[in-house]
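Trainee: Okay, handing you the structure first.
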Amino acid sequence: MKITLLTVGKTDIGWVREGLETYVARLRHYVPVELHEIPELKNVSSLTQAQIKEKEGERILAVVKPADTVLLLDEAGKEYRSVEFAREIERRLSAGKNLVFVVGGAYGFSDAVYRRGDGKVSLSKMTFSHQMVRAVFAEQLYRAFTILRGEPYHHE
């Protein structure tokens with residue numbers, strides 16, 4: 001079983017990319033991790049937000065496998081304390097399925113992606129850029145695994 005962080009668009013902000021890569025490298029000590037970036041749509045000025053979400057959704061769903069557990073990073077998702085999130089990761093991985101965490105584009109997810117999702121996770125009631133979420137979330141995944149291993153990274 002592995003964890004995939006599926007994102008719409010490249011992580012092209014240097015310090016965000018560096019943070020993301022740092023925590024993904026640390027995570028690989030615990031679990032296989034894949035970053036999968038779906039290319040951003042081109043020539044979208046004539047499209048509505050709904051049309052953009054639909055087209056991005058089609059690309060997301062083309063990557064997700066039927067057996068995957070899909071968790072959407074969404075502002076309307078469930079908020080966890082770090083220890084609770086660690087237990088949720090443990091519970092999900094114990095089912096033996098690959099976990100796919102999806103970070104959508106600037107406008108969020110299409111209805112089809114919401115229907116496919118097995119749950120929603122919110123990092124905060126605040127809104128973050130869809131690029132910044134990648135590094136913040138990778139750090140929280142790393143934190144979760146250190147909690148599960150009883151390592152001293154997390155202090156409570």
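The chains in the structure tokens are called A, B, ... from first to last as shown; in each chain the residues are counted from 1, and the ligands are counted from 1 in the order shown.
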Please run DSSP on the backbone and report, as a ChimeraX atom specification, all residues within chain A that come out as helix (DSSP H, G or I).
Mentor: /A:14-27,49-63,82-94,111-116,132-148
Trainee: Could you turn the residues from that selection into a file that holds C-alpha atoms, as a PDB file, in the first residue's frame?
Mentor:
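result.pdb written:
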```pdb
ATOM      1  CA  GLY A  14      10.272  27.432  -5.102  1.00  0.00           C
ATOM      2  CA  TRP A  15       9.975  27.464  -1.319  1.00  0.00           C
ATOM      3  CA  VAL A  16       6.724  25.469  -1.464  1.00  0.00           C
ATOM      4  CA  ARG A  17       8.365  22.876  -3.728  1.00  0.00           C
ATOM      5  CA  GLU A  18      11.347  22.677  -1.368  1.00  0.00           C
ATOM      6  CA  GLY A  19       9.104  22.135   1.666  1.00  0.00           C
ATOM      7  CA  LEU A  20       7.028  19.550  -0.160  1.00  0.00           C
ATOM      8  CA  GLU A  21      10.110  17.626  -1.259  1.00  0.00           C
ATOM      9  CA  THR A  22      11.599  17.771   2.241  1.00  0.00           C
ATOM     10  CA  TYR A  23       8.572  16.179   3.885  1.00  0.00           C
ATOM     11  CA  VAL A  24       7.962  13.666   1.113  1.00  0.00           C
ATOM     12  CA  ALA A  25      11.561  12.487   1.476  1.00  0.00           C
ATOM     13  CA  ARG A  26      11.054  12.111   5.236  1.00  0.00           C
ATOM     14  CA  LEU A  27       7.763  10.293   4.702  1.00  0.00           C
ATOM     15  CA  GLN A  49     -15.252  28.105 -13.016  1.00  0.00           C
ATOM     16  CA  ALA A  50     -17.680  25.175 -13.273  1.00  0.00           C
ATOM     17  CA  GLN A  51     -16.225  24.147 -16.630  1.00  0.00           C
ATOM     18  CA  ILE A  52     -12.694  24.336 -15.260  1.00  0.00           C
ATOM     19  CA  LYS A  53     -13.673  22.157 -12.285  1.00  0.00           C
ATOM     20  CA  GLU A  54     -15.319  19.638 -14.658  1.00  0.00           C
ATOM     21  CA  LYS A  55     -12.257  19.348 -16.878  1.00  0.00           C
ATOM     22  CA  GLU A  56      -9.887  19.125 -13.913  1.00  0.00           C
ATOM     23  CA  GLY A  57     -12.214  16.544 -12.374  1.00  0.00           C
ATOM     24  CA  GLU A  58     -12.011  14.380 -15.478  1.00  0.00           C
ATOM     25  CA  ARG A  59      -8.224  14.433 -15.213  1.00  0.00           C
ATOM     26  CA  ILE A  60      -8.321  13.570 -11.513  1.00  0.00           C
ATOM     27  CA  LEU A  61     -10.717  10.672 -12.022  1.00  0.00           C
ATOM     28  CA  ALA A  62      -8.590   9.317 -14.877  1.00  0.00           C
ATOM     29  CA  VAL A  63      -5.714   8.827 -12.395  1.00  0.00           C
ATOM     30  CA  SER A  82      -2.645  15.857  14.738  1.00  0.00           C
ATOM     31  CA  VAL A  83      -3.026  12.777  16.962  1.00  0.00           C
ATOM     32  CA  GLU A  84      -6.538  12.156  15.624  1.00  0.00           C
ATOM     33  CA  PHE A  85      -5.284  12.467  12.062  1.00  0.00           C
ATOM     34  CA  ALA A  86      -2.518   9.963  12.789  1.00  0.00           C
ATOM     35  CA  ARG A  87      -5.110   7.456  14.031  1.00  0.00           C
ATOM     36  CA  GLU A  88      -7.244   8.081  10.933  1.00  0.00           C
ATOM     37  CA  ILE A  89      -4.248   7.397   8.672  1.00  0.00           C
ATOM     38  CA  GLU A  90      -3.520   4.227  10.629  1.00  0.00           C
ATOM     39  CA  ARG A  91      -7.150   3.106  10.315  1.00  0.00           C
ATOM     40  CA  ARG A  92      -7.277   3.812   6.591  1.00  0.00           C
ATOM     41  CA  LEU A  93      -3.968   2.078   5.857  1.00  0.00           C
ATOM     42  CA  SER A  94      -4.943  -0.978   7.903  1.00  0.00           C
ATOM     43  CA  ASP A 111     -19.364  17.125  -8.342  1.00  0.00           C
ATOM     44  CA  ALA A 112     -18.035  13.906  -9.906  1.00  0.00           C
ATOM     45  CA  VAL A 113     -14.858  14.116  -7.822  1.00  0.00           C
ATOM     46  CA  TYR A 114     -16.877  14.770  -4.662  1.00  0.00           C
ATOM     47  CA  ARG A 115     -18.980  11.678  -5.430  1.00  0.00           C
ATOM     48  CA  ARG A 116     -15.862   9.548  -5.932  1.00  0.00           C
ATOM     49  CA  MET A 132       0.841  26.000  -0.212  1.00  0.00           C
ATOM     50  CA  VAL A 133      -1.492  23.236   0.984  1.00  0.00           C
ATOM     51  CA  ARG A 134       0.848  20.678  -0.569  1.00  0.00           C
ATOM     52  CA  ALA A 135       3.780  21.439   1.735  1.00  0.00           C
ATOM     53  CA  VAL A 136       1.608  21.946   4.807  1.00  0.00           C
ATOM     54  CA  PHE A 137      -0.212  18.679   4.194  1.00  0.00           C
ATOM     55  CA  ALA A 138       3.007  16.733   3.532  1.00  0.00           C
ATOM     56  CA  GLU A 139       4.294  17.958   6.896  1.00  0.00           C
ATOM     57  CA  GLN A 140       1.083  16.786   8.595  1.00  0.00           C
ATOM     58  CA  LEU A 141       1.415  13.351   6.976  1.00  0.00           C
ATOM     59  CA  TYR A 142       4.992  13.141   8.211  1.00  0.00           C
ATOM     60  CA  ARG A 143       3.872  14.252  11.674  1.00  0.00           C
ATOM     61  CA  ALA A 144       1.179  11.546  11.659  1.00  0.00           C
ATOM     62  CA  PHE A 145       3.722   8.813  11.014  1.00  0.00           C
ATOM     63  CA  THR A 146       6.055  10.082  13.720  1.00  0.00           C
ATOM     64  CA  ILE A 147       3.114  10.046  16.146  1.00  0.00           C
ATOM     65  CA  LEU A 148       2.246   6.466  15.176  1.00  0.00           C
TER      66      LEU A 148
END
```
Trainee: Could you pull out the strand (DSSP E) residues of segment 15-155 of chain A, going by DSSP on the backbone, and write them as number ranges by chain?
Mentor: A: 33-38, 69-79, 99-103, 119-122
Trainee: Nearest to Pro32 of chain A: which of A:Asp12, A:His154, A:Ile3, A:Val102 is it, counting only C-alpha atoms?
Mentor: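 Between A:Asp12, A:His154, A:Ile3, A:Val102, the residue approaching Pro32 of chain A most closely is A:Ile3.
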Trainee: For Leu99 of chain A, which residue among A:Val31, A:Val44, A:Leu123, A:Ile13 is the nearest when counting only C-alpha atoms?
Mentor: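 That would be A:Val31, the residue with the smallest distance to Leu99 of chain A.
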Trainee: Could you please determine the separation between atom CA of Ala95 of chain A and atom CA of Asp118 of chain A in Å, to one decimal place?
Mentor: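 A separation of 13.1 Å between them.
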Trainee: Quick one: residues within 6 Å of segment 36-39 of chain A, only C-alpha atoms counted, chain neighbours fewer than 2 positions away excluded, as a list in words?
Mentor: Leu6, Thr7, Val8, Gly9 and Lys10 of chain A
Trainee: I'd like the neighbourhood of Met1 of chain A as a PyMOL selection string, where a residue qualifies if any of its atoms comes within 7 Å (using only C-alpha atoms), though same-chain residues fewer than 5 positions away should be ignored.
Mentor: chain A and resi 96-98
